[in-house]
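S.K.: The file below is start01.txt, compact mmCIF, C-alpha atoms:
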# COMPACT_ATOMS: atom_id res chain seq x y z
CA MET M 11 0.00 0.00 0.00
CA CYS M 12 1.30 3.44 -0.90
CA LEU M 13 0.36 6.39 1.29
CA GLN M 14 -0.69 9.35 -0.86
CA TRP M 15 0.36 12.90 0.00
CA ASP M 16 -3.18 14.13 0.79
CA PHE M 17 -3.82 11.25 3.19
CA CYS M 18 -2.03 13.23 5.94
CA SER M 19 -3.57 16.55 5.15
CA TRP M 20 -5.99 18.86 6.88
CA ASP M 21 -8.95 16.49 7.16
CA PHE M 22 -6.93 13.47 8.23
CA CYS M 23 -5.01 15.06 11.12
CA SER M 24 -7.86 17.30 12.16
CA TRP M 25 -10.14 14.33 12.57
CA ALA M 26 -7.55 12.71 14.80
CA SER M 27 -7.28 15.85 16.89
CA ALA M 28 -11.05 16.04 17.27
CA ARG M 29 -11.09 12.44 18.43
CA GLY M 30 -8.53 13.16 21.15
CA VAL M 31 -5.70 11.27 19.45
CA TRP M 32 -2.38 12.94 20.20
CA GLY M 33 -1.62 14.75 16.95
CA SER M 34 2.17 14.59 16.86
CA GLY M 35 2.02 10.87 17.60
CA LEU M 36 -0.31 10.41 14.66
CA CYS M 37 1.96 12.19 12.26
CA GLU M 38 5.38 11.22 13.63
CA VAL M 39 5.13 7.84 11.93
CA THR M 40 3.68 8.84 8.56
CA PHE M 41 7.17 8.72 7.13
CA ILE M 42 7.21 4.93 7.60
CA PHE M 43 4.71 4.41 4.81
CA ALA M 44 5.74 7.55 2.98
CA GLN M 45 9.17 6.11 2.36
CA ASP M 46 7.50 3.10 0.71
CA CYS M 47 6.09 5.51 -1.86
CA GLY M 48 9.59 6.46 -2.95
CA LEU M 49 9.38 10.01 -1.59
CA SER M 50 12.60 11.85 -0.90
CA SER M 51 13.67 12.42 2.70
CA VAL M 52 12.86 16.11 2.35
CA ARG M 53 9.30 15.39 1.21
CA ARG M 54 8.84 12.77 3.90
CA GLN M 55 9.83 15.27 6.61
CA SER M 56 7.62 17.89 5.01
CA LEU M 57 4.73 15.45 5.20
CA VAL M 58 5.31 15.03 8.93
CA ASN M 59 5.57 18.78 9.47
CA LEU M 60 2.35 19.34 7.53
CA CYS M 61 0.53 16.96 9.83
CA LEU M 62 1.89 18.64 12.94
CA LEU M 63 0.79 22.01 11.66
CA SER M 64 -2.68 20.75 10.83
CA ILE M 65 -3.24 19.53 14.39
CA THR M 66 -3.43 23.08 15.70
CA VAL M 67 -6.61 23.88 13.76
CA SER M 68 -9.42 24.27 16.26
CA ALA M 69 -12.23 23.67 13.75
CA ALA M 70 -11.18 20.07 13.27
CA ARG M 71 -14.39 18.46 14.50
CA SER M 72 -16.20 19.25 11.27
CA PHE M 73 -14.19 16.52 9.53
CA GLU M 74 -15.22 13.69 11.81
CA GLU M 75 -18.08 12.42 9.66
CA GLY M 76 -16.06 12.71 6.47
CA TRP M 77 -13.40 10.48 7.97
CA GLU M 78 -15.75 7.57 8.68
CA GLY M 79 -16.02 6.68 4.99
CA LYS M 80 -12.23 6.51 4.64
CA ARG M 81 -11.44 4.55 7.78
CA ASN M 82 -11.10 1.13 6.10
CA TYR M 83 -8.71 2.57 3.57
CA TYR M 84 -6.26 3.46 6.34
CA THR M 85 -6.18 0.04 7.98
CA GLY M 86 -2.72 -0.57 9.35
CA PHE M 87 -1.71 3.10 9.38
CA PRO M 88 0.69 3.50 12.34
CA VAL M 89 -1.35 5.78 14.56
CA ARG M 90 -0.08 6.21 18.14
CA SER M 91 -1.97 4.08 20.64
CA VAL M 92 -1.68 5.98 23.90
CA ASP M 93 -2.80 5.08 27.38
CA MET M 94 -3.52 8.58 28.69
CA GLN M 95 -3.40 7.33 32.28
CA ARG M 96 0.16 6.14 31.96
CA ALA M 97 2.81 8.65 32.90
CA THR M 98 5.84 9.15 30.69
CA ASP M 99 8.92 7.34 31.98
CA ASN M 100 11.90 9.47 32.99
CA ILE M 101 15.57 8.71 32.54
CA THR M 102 18.04 10.85 34.46
CA ILE M 103 21.58 11.12 33.11
CA ARG M 104 24.60 13.21 33.98
CA GLN M 105 26.06 15.61 31.45
CA GLY M 106 28.89 13.95 29.55
CA ASP M 107 27.72 10.40 30.25
CA THR M 108 26.16 7.96 27.76
CA ALA M 109 22.38 7.52 27.76
CA ILE M 110 20.72 4.36 26.45
CA ILE M 111 16.95 4.67 25.95
CA ARG M 112 15.57 1.16 25.80
CA CYS M 113 12.96 -0.09 23.35
CA TYR M 114 12.07 -3.78 22.83
CA VAL M 115 10.17 -5.27 19.90
CA ASP M 116 8.95 -8.72 18.87
CA ASP M 117 8.90 -10.67 15.63
CA LYS M 118 5.47 -9.30 14.73
CA VAL M 119 6.79 -5.78 14.28
CA SER M 120 6.72 -4.52 10.71
CA LYS M 121 7.84 -0.93 11.19
CA VAL M 122 9.84 0.80 13.93
CA ALA M 123 11.30 4.26 14.42
CA TRP M 124 12.84 6.64 16.98
CA LEU M 125 11.69 10.25 17.25
CA ASN M 126 12.71 13.22 19.38
CA ARG M 127 9.70 15.50 19.69
CA SER M 128 8.64 15.72 16.01
CA ASN M 129 12.09 15.02 14.58
CA ILE M 130 12.90 11.64 13.13
CA ILE M 131 16.12 10.11 14.47
CA PHE M 132 15.94 6.59 13.02
CA ALA M 133 13.45 4.92 10.68
CA GLY M 134 14.27 1.28 10.97
CA GLN M 135 18.01 1.11 10.42
CA ASP M 136 17.96 4.29 8.35
CA LYS M 137 19.54 7.14 10.33
CA TRP M 138 17.97 10.54 9.76
CA SER M 139 19.84 12.41 12.46
CA LEU M 140 23.13 14.03 11.52
CA ASP M 141 24.41 13.87 15.11
CA PRO M 142 27.45 11.53 15.23
CA ARG M 143 26.85 10.89 18.95
CA VAL M 144 23.61 9.04 18.25
CA ASP M 145 23.36 5.38 17.20
CA LEU M 146 21.28 2.27 17.73
CA VAL M 147 21.81 -0.58 20.16
CA THR M 148 20.37 -3.74 18.61
CA LYS M 149 21.24 -6.86 20.53
CA GLY M 150 19.57 -9.51 18.43
CA GLN M 151 16.24 -8.77 16.78
CA LEU M 152 14.33 -7.89 19.94
CA GLU M 153 16.08 -4.69 20.97
CA TYR M 154 15.82 -1.37 19.23
CA SER M 155 17.39 1.02 21.74
CA LEU M 156 18.74 4.52 21.17
CA ARG M 157 22.20 5.47 22.44
CA ILE M 158 23.36 9.06 22.92
CA GLN M 159 27.00 9.57 23.83
CA LYS M 160 28.39 12.60 25.67
CA VAL M 161 24.94 13.79 26.62
CA ASP M 162 24.45 17.55 26.91
CA VAL M 163 21.63 19.75 28.16
CA TYR M 164 20.18 20.27 24.68
CA ASP M 165 19.54 16.51 24.49
CA GLU M 166 16.93 16.81 27.23
CA GLY M 167 13.38 16.13 26.10
CA SER M 168 10.90 13.52 24.97
CA TYR M 169 11.98 10.48 22.94
CA THR M 170 9.46 8.13 21.30
CA CYS M 171 9.96 4.60 20.07
CA SER M 172 7.14 4.04 17.54
CA ILE M 173 6.29 0.44 16.62
CA GLN M 174 3.85 -0.88 13.99
CA THR M 175 2.61 -4.45 14.45
CA LYS M 176 0.00 -6.41 12.55
CA GLN M 177 -2.46 -5.92 15.40
CA GLN M 178 -2.03 -2.27 16.35
CA PRO M 179 0.52 0.51 16.58
CA LYS M 180 2.36 1.00 19.89
CA THR M 181 4.66 3.63 21.29
CA SER M 182 7.07 3.88 24.17
CA GLN M 183 7.79 7.41 25.34
CA VAL M 184 10.68 8.42 27.59
CA TYR M 185 11.64 11.84 28.88
CA LEU M 186 15.40 12.30 29.15
CA ILE M 187 16.49 14.53 32.05
CA VAL M 188 20.06 15.82 31.86
CA GLN M 189 21.73 16.76 35.12
CA VAL M 190 24.77 19.03 35.29
CA PRO M 191 27.27 18.94 38.18
CA ALA M 192 27.47 22.04 40.33
CA SER M 193 30.11 24.49 39.17
CA ILE M 194 31.21 27.74 40.82
CA TYR M 195 31.75 30.31 38.09
CA GLN M 196 32.34 33.41 40.24
CA VAL M 197 33.73 33.87 43.73
CA SER M 198 35.07 36.86 45.65
CA ASN M 199 38.77 37.66 45.45
CA ASP M 200 40.93 37.54 48.57
CA ILE M 201 40.38 40.75 50.55
CA THR M 202 42.00 42.80 53.31
CA VAL M 203 39.76 44.95 55.53
CA ASN M 204 40.03 46.89 58.79
CA GLU M 205 38.44 45.52 61.92
CA GLY M 206 34.87 46.76 62.29
CA SER M 207 34.19 46.94 58.54
CA ASN M 208 31.19 45.32 56.86
CA VAL M 209 32.14 42.54 54.45
CA THR M 210 30.15 40.69 51.76
CA LEU M 211 31.56 37.57 50.13
CA SER M 212 29.93 36.22 46.97
CA CYS M 213 29.88 32.73 45.48
CA LEU M 214 27.84 32.13 42.31
CA ALA M 215 27.29 28.66 40.89
CA ASN M 216 25.17 26.87 38.31
CA GLY M 217 24.09 23.30 37.69
CA ARG M 218 21.02 21.16 37.08
CA PRO M 219 19.32 20.91 39.48
CA ASP M 220 20.24 24.25 41.01
CA PRO M 221 23.05 23.74 43.53
CA ALA M 222 22.91 24.54 47.22
CA ILE M 223 25.69 26.88 48.41
CA THR M 224 27.18 26.72 51.91
CA TRP M 225 29.94 28.67 53.66
CA ARG M 226 32.45 27.76 56.38
CA LEU M 227 35.26 29.61 58.12
CA LEU M 228 37.93 26.92 58.19
CA ASN M 229 39.69 28.22 61.26
CA PRO M 230 39.33 27.43 64.01
CA SER M 231 36.03 25.47 64.26
CA ALA M 232 34.94 25.19 60.59
CA GLU M 233 31.29 25.43 61.58
CA PRO M 234 28.70 26.27 58.88
CA LEU M 235 27.84 29.94 58.46
CA ASP M 236 24.52 31.56 57.59
CA GLY M 237 24.75 32.51 53.93
CA GLU M 238 24.08 31.23 50.43
CA GLU M 239 25.24 33.05 47.32
CA TYR M 240 26.18 36.02 49.50
CA LEU M 241 27.75 35.89 52.95
CA ASP M 242 27.35 39.12 54.93
CA ILE M 243 29.68 39.84 57.87
CA ILE M 244 28.67 42.92 59.86
CA GLY M 245 31.44 44.64 61.84
CA ILE M 246 34.06 41.98 61.17
CA MET M 247 36.34 41.10 64.09
CA ARG M 248 39.92 39.89 64.09
CA THR M 249 38.71 36.45 65.17
CA GLN M 250 36.76 36.23 61.90
CA ALA M 251 39.85 36.48 59.74
CA GLY M 252 40.96 33.39 57.87
CA ARG M 253 40.10 31.12 54.97
CA TYR M 254 36.45 30.94 53.96
CA GLU M 255 35.19 27.91 52.06
CA CYS M 256 32.34 28.14 49.55
CA LYS M 257 30.85 24.79 48.54
CA ALA M 258 28.29 24.25 45.76
CA SER M 259 26.57 20.85 45.62
CA ASN M 260 23.56 19.28 43.91
CA ASP M 261 24.31 15.56 44.44
CA VAL M 262 25.13 15.04 40.76
CA ALA M 263 28.89 14.84 41.31
CA THR M 264 31.53 15.84 43.83
CA PRO M 265 30.77 19.35 45.15
CA ASP M 266 32.69 22.24 43.67
CA VAL M 267 34.71 24.14 46.28
CA LYS M 268 36.39 27.54 46.18
CA TYR M 269 38.18 29.57 48.87
CA VAL M 270 38.41 33.23 49.86
CA ASN M 271 41.12 34.50 52.20
CA VAL M 272 40.06 37.38 54.45
CA ILE M 273 42.70 39.43 56.27
CA VAL M 274 41.51 41.70 59.08
CA ASN M 275 43.77 44.61 60.04
CA TYR M 276 43.84 45.83 63.64
CA PRO M 277 46.19 47.92 65.83
CA PRO M 278 48.86 46.39 68.10
CA THR M 279 47.88 44.90 71.43
CA ILE M 280 50.52 43.94 74.01
CA LYS M 281 50.13 40.23 74.57
CA LYS M 282 53.06 39.40 76.86
CA THR M 283 56.05 41.10 78.44
CA GLN M 284 59.08 39.59 80.18
CA SER M 285 61.31 41.61 82.51
CA SER M 286 64.67 40.29 83.67
CA GLU M 287 66.40 39.78 87.03
CA THR M 288 70.10 39.73 86.20
CA PRO M 289 73.20 40.06 88.42
CA VAL M 290 75.95 42.53 87.62
CA GLY M 291 78.34 41.26 84.92
CA ARG M 292 75.81 38.94 83.29
CA ASN M 293 73.66 39.36 80.17
CA GLY M 294 70.02 40.36 80.64
CA THR M 295 67.17 40.04 78.08
CA LEU M 296 63.81 41.81 77.97
CA ARG M 297 61.03 40.51 75.70
CA CYS M 298 57.86 42.02 74.30
CA GLU M 299 55.18 40.11 72.34
CA VAL M 300 52.18 41.71 70.62
CA THR M 301 49.30 40.84 68.30
CA ALA M 302 48.75 43.11 65.29
CA VAL M 303 47.90 43.07 61.57
CA PRO M 304 49.77 44.23 59.63
CA THR M 305 52.98 43.21 61.40
CA PRO M 306 54.09 46.05 63.70
CA GLU M 307 57.37 47.93 63.88
CA PHE M 308 59.19 47.96 67.24
CA GLU M 309 61.22 50.54 69.13
CA TRP M 310 63.00 50.32 72.50
CA TYR M 311 63.50 53.23 74.90
CA ARG M 312 65.39 53.83 78.15
CA ASP M 313 63.61 56.74 79.75
CA ASP M 314 63.16 59.10 76.77
CA LYS M 315 66.14 57.85 74.82
CA ARG M 316 65.61 55.54 71.88
CA LEU M 317 67.96 52.57 71.91
CA ALA M 318 69.80 51.06 68.96
CA ASN M 319 72.18 48.19 68.42
CA THR M 320 75.59 48.86 69.94
CA GLN M 321 78.48 46.78 71.22
CA SER M 322 76.61 46.14 74.47
CA ILE M 323 72.98 46.32 73.23
CA THR M 324 71.36 43.87 70.81
CA ILE M 325 67.80 44.38 69.53
CA GLN M 326 66.17 41.50 67.69
CA THR M 327 62.73 41.33 66.08
CA SER M 328 60.89 38.32 64.68
CA GLY M 329 57.33 38.84 63.46
CA THR M 330 55.32 40.11 66.41
CA THR M 331 58.04 39.53 69.04
CA THR M 332 61.02 41.71 69.93
CA SER M 333 63.82 41.37 72.47
CA LEU M 334 66.42 43.68 74.01
CA THR M 335 69.64 42.08 75.30
CA ILE M 336 72.16 44.01 77.37
CA ALA M 337 75.60 42.43 77.75
CA ASN M 338 77.86 42.64 80.84
CA ILE M 339 75.33 44.49 82.94
CA THR M 340 76.45 47.27 85.28
CA GLU M 341 74.47 48.95 88.04
CA GLU M 342 73.71 51.84 85.69
CA ASP M 343 71.81 49.48 83.36
CA TYR M 344 69.15 48.63 85.91
CA GLY M 345 65.80 50.37 85.59
CA ASN M 346 62.76 50.88 83.41
CA TYR M 347 62.71 50.11 79.65
CA THR M 348 59.85 50.74 77.21
CA CYS M 349 58.79 48.56 74.27
CA VAL M 350 56.77 50.43 71.59
CA ALA M 351 54.80 48.56 68.88
CA SER M 352 53.12 50.43 66.01
CA ASN M 353 51.41 49.90 62.67
CA ARG M 354 49.30 52.19 60.50
CA LEU M 355 46.25 51.55 62.70
CA GLY M 356 47.72 52.43 66.07
CA VAL M 357 50.47 52.36 68.70
CA GLN M 358 50.84 50.62 72.04
CA ASN M 359 53.70 50.46 74.55
CA ALA M 360 54.66 48.57 77.68
CA SER M 361 57.23 49.04 80.47
CA LEU M 362 59.71 46.30 81.34
CA PHE M 363 62.31 46.15 84.08
CA LEU M 364 65.92 45.10 84.34
CA TYR M 365 66.72 44.62 88.04
CA ASN M 366 68.81 42.84 90.66
CA ARG M 367 67.23 41.85 93.98
CA GLY M 368 70.52 42.25 95.79
CA ILE M 369 70.67 45.97 95.05
CA ASN M 370 68.80 48.57 97.06
CA ASN M 371 66.16 46.63 98.96
CA ALA M 372 63.42 44.08 98.57
CA ARG M 373 60.71 46.73 98.66
CA LYS M 374 61.98 48.28 95.43
CA TRP M 375 62.09 44.88 93.76
CA PHE M 376 58.54 44.02 94.81
CA SER M 377 57.37 47.42 93.55
CA LEU M 378 58.80 46.66 90.13
CA LYS M 379 57.18 43.23 90.04
CA ASN M 380 53.79 44.68 91.03
CA ARG M 381 53.96 47.27 88.25
CA GLU M 382 54.88 44.55 85.76
CA ALA M 383 51.94 42.40 86.85
CA ALA M 384 49.54 45.33 86.59
CA GLN M 385 50.70 46.05 83.04
CA GLY M 386 50.26 42.41 82.11
CA ARG M 387 46.64 42.47 83.31
CA GLY M 388 45.97 45.65 81.36
CA ALA M 389 47.35 44.14 78.16
CA GLY M 390 45.08 41.13 78.51
Can I see the file as C-alpha cells?
M.R.:
Amino acid sequence: MCLQWDFCSWDFCSWASARGVWGSGLCEVTFIFAQDCGLSSVRRQSLVNLCLLSITVSAARSFEEGWEGKRNYYTGFPVRSVDMQRATDNITIRQGDTAIIRCYVDDKVSKVAWLNRSNIIFAGQDKWSLDPRVDLVTKGQLEYSLRIQKVDVYDEGSYTCSIQTKQQPKTSQVYLIVQVPASIYQVSNDITVNEGSNVTLSCLANGRPDPAITWRLLNPSAEPLDGEEYLDIIGIMRTQAGRYECKASNDVATPDVKYVNVIVNYPPTIKKTQSSETPVGRNGTLRCEVTAVPTPEFEWYRDDKRLANTQSITIQTSGTTTSLTIANITEEDYGNYTCVASNRLGVQNASLFLYNRGINNARKWFSLKNREAAQGRGAG
C-alpha cells in the first residue's frame, strides 16, 4: 500500500485531533509508509511537518463524519496508541555520560522508528539524524534502543519509540532529564579589611538541578555559616579572619569548592612582656610580644632615649616579638625600659624592668614586680 500525499492533510489530522488522538504521535510515523512511496527524505519530513501544523486547527471536528467513509482505507496506518493514564517514563543522566533509551520489539513488528519531539532520528536502520553521537543498540532482533553519547543539556526532552505491528501501533515514550554537576563560576577575590568593617563575600554557581551553596570559616572550628550566594559579615572582628570555604553541591557529582582569604587589620595589642632579674656582669634580656595586623614595627626606649644596636645592646625582632639584650650588665643598666609597637592603625607600649634583687632593697624589687603584673593584666 502506498500512502498518498493528501492522506495526511488537513482532514486526516484534524479528525484525529477532534477524536482526542495525540496529533504529533499520529503524524510522527507517517514517514514509515511515505518512504515506501519512494518520496525523498525532504518530502517525507515535510509530510510530517504538515501533519503537525494541521493539528493546531481548532475547527477540526467538522471533519469527523467525512473520515468515517475513509477509515477502512487506512487500515494498518501506524497511529499512536496511547494510554492517557500512563505517565511518561523518565531517565536521568549526567552531562557527559552515555544515555541508552531502551525499546524492545517482537517478531510481529513490521515498522519501527525513533523520534525526538517531532524530529525523526531513526526509521528502521535508516539514520535521519546528523548527530554523530547518536546510534542504535540492537542486541539480536528484539532490541531497538537509542544510544546518545556525551549527553548535553540540549539533548533533554521527549523520545518516542514508535512500533507498527499487525495488530495495532504501539509507542514507548521516555523523557530524558540531563543533570549538570554544580560548578562555581564566580567567587570573591581575597580581601583585606580593617576591623569593624562590613564585608560581603559572593559565590555564584550553576548546575542542574540548582546547587545549594554553603559557607564555612575553616579556622578554628569550621562550623557552617549563615549565607548562600552572598555571605554578609557585619562589623568583622579579628577572630573572623581566615580562609572561607564556599561549597556548591547538587548531588550530581563531587561538590565544587572555592576559597576566599580574608585578612583583618587591627592595631597592636601587648600580649606578653618579660622583665629580667640579672646580676651585675651577666647578660640580661627583655622581651615584648604583641598581636597586630599588619605586622608592627618595634622601638625600644630607656627613659626618653631611643635605643639602637651597639656593642653592648642587641635588639632582635621576629614577626610580632622583639627582644632587648644588654651584655655585661652594670648597676647603671638597671631600671625601666619601654617597648613600643606600632602599625598604621595604632600604637601601644609597655614598660619592662631590668633589676637585681641584691641591690637597694626588697621593697623596690617588689614594687617593680607589682607594676609589671599590673601592666600584664591591662594588656590582657
S.K.: So how many Å separate CA of Gln151 in chain M and CA of Asp116 in chain M, to one decimal?
M.R.: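 Here the two named atoms are 7.6 Å from each other.
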S.K.: Compile the contact shell of range 257-265 of chain M as a list in words: residues with an atom at most 8 Å away, counting all atoms listed in the file, same-chain residues fewer than 6 positions apart removed.
M.R.: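 These residues fall inside the cut-off: Arg104, Gln189, Val190, Pro191, Ala192, Ser193, Ile194, Ala215, Gly217, Arg218, Pro219, Asp220, Pro221, Ala222, Ile223, Thr224 and Trp225 of chain M.
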S.K.: Just the number, please: distance in Å from CA of Lys160 in chain M to CA of Asp107 in chain M, one decimal.
M.R.: 5.1 Å
S.K.: Would you mind telling me which residue in M:Gln196, M:Thr202, M:Thr320, M:Thr348 lies nearest to Tyr240 in chain M when using all atoms listed in the file?
M.R.: M:Gln196
S.K.: Identify, on the basis of all atoms listed in the file, every residue whose closest approach to Asn366 in chain M does not exceed 7 Å; exclude the query and any residue fewer than 4 positions from it along the same chain; express the result as a CSV table (one decimal) with C-alpha atoms, in the frame of the given file.
M.R.:
chain,number,residue,atom,x,y,z
M,287,GLU,CA,66.4,39.8,87.0
M,288,THR,CA,70.1,39.7,86.2
M,289,PRO,CA,73.2,40.1,88.4
S.K.: One decimal, Å: what's the distance from CA of Lys121 in chain M over to CA of Pro179 in chain M, could you say?
M.R.: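 Atom-to-atom, CA of Lys121 in chain M and CA of Pro179 in chain M are spaced 9.2 Å apart.
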S.K.: Using only C-alpha atoms, which residue out of M:Gln358, M:Ser198, M:Thr330, M:Asn129 lies closest to Ser212 in chain M?
M.R.: M:Ser198
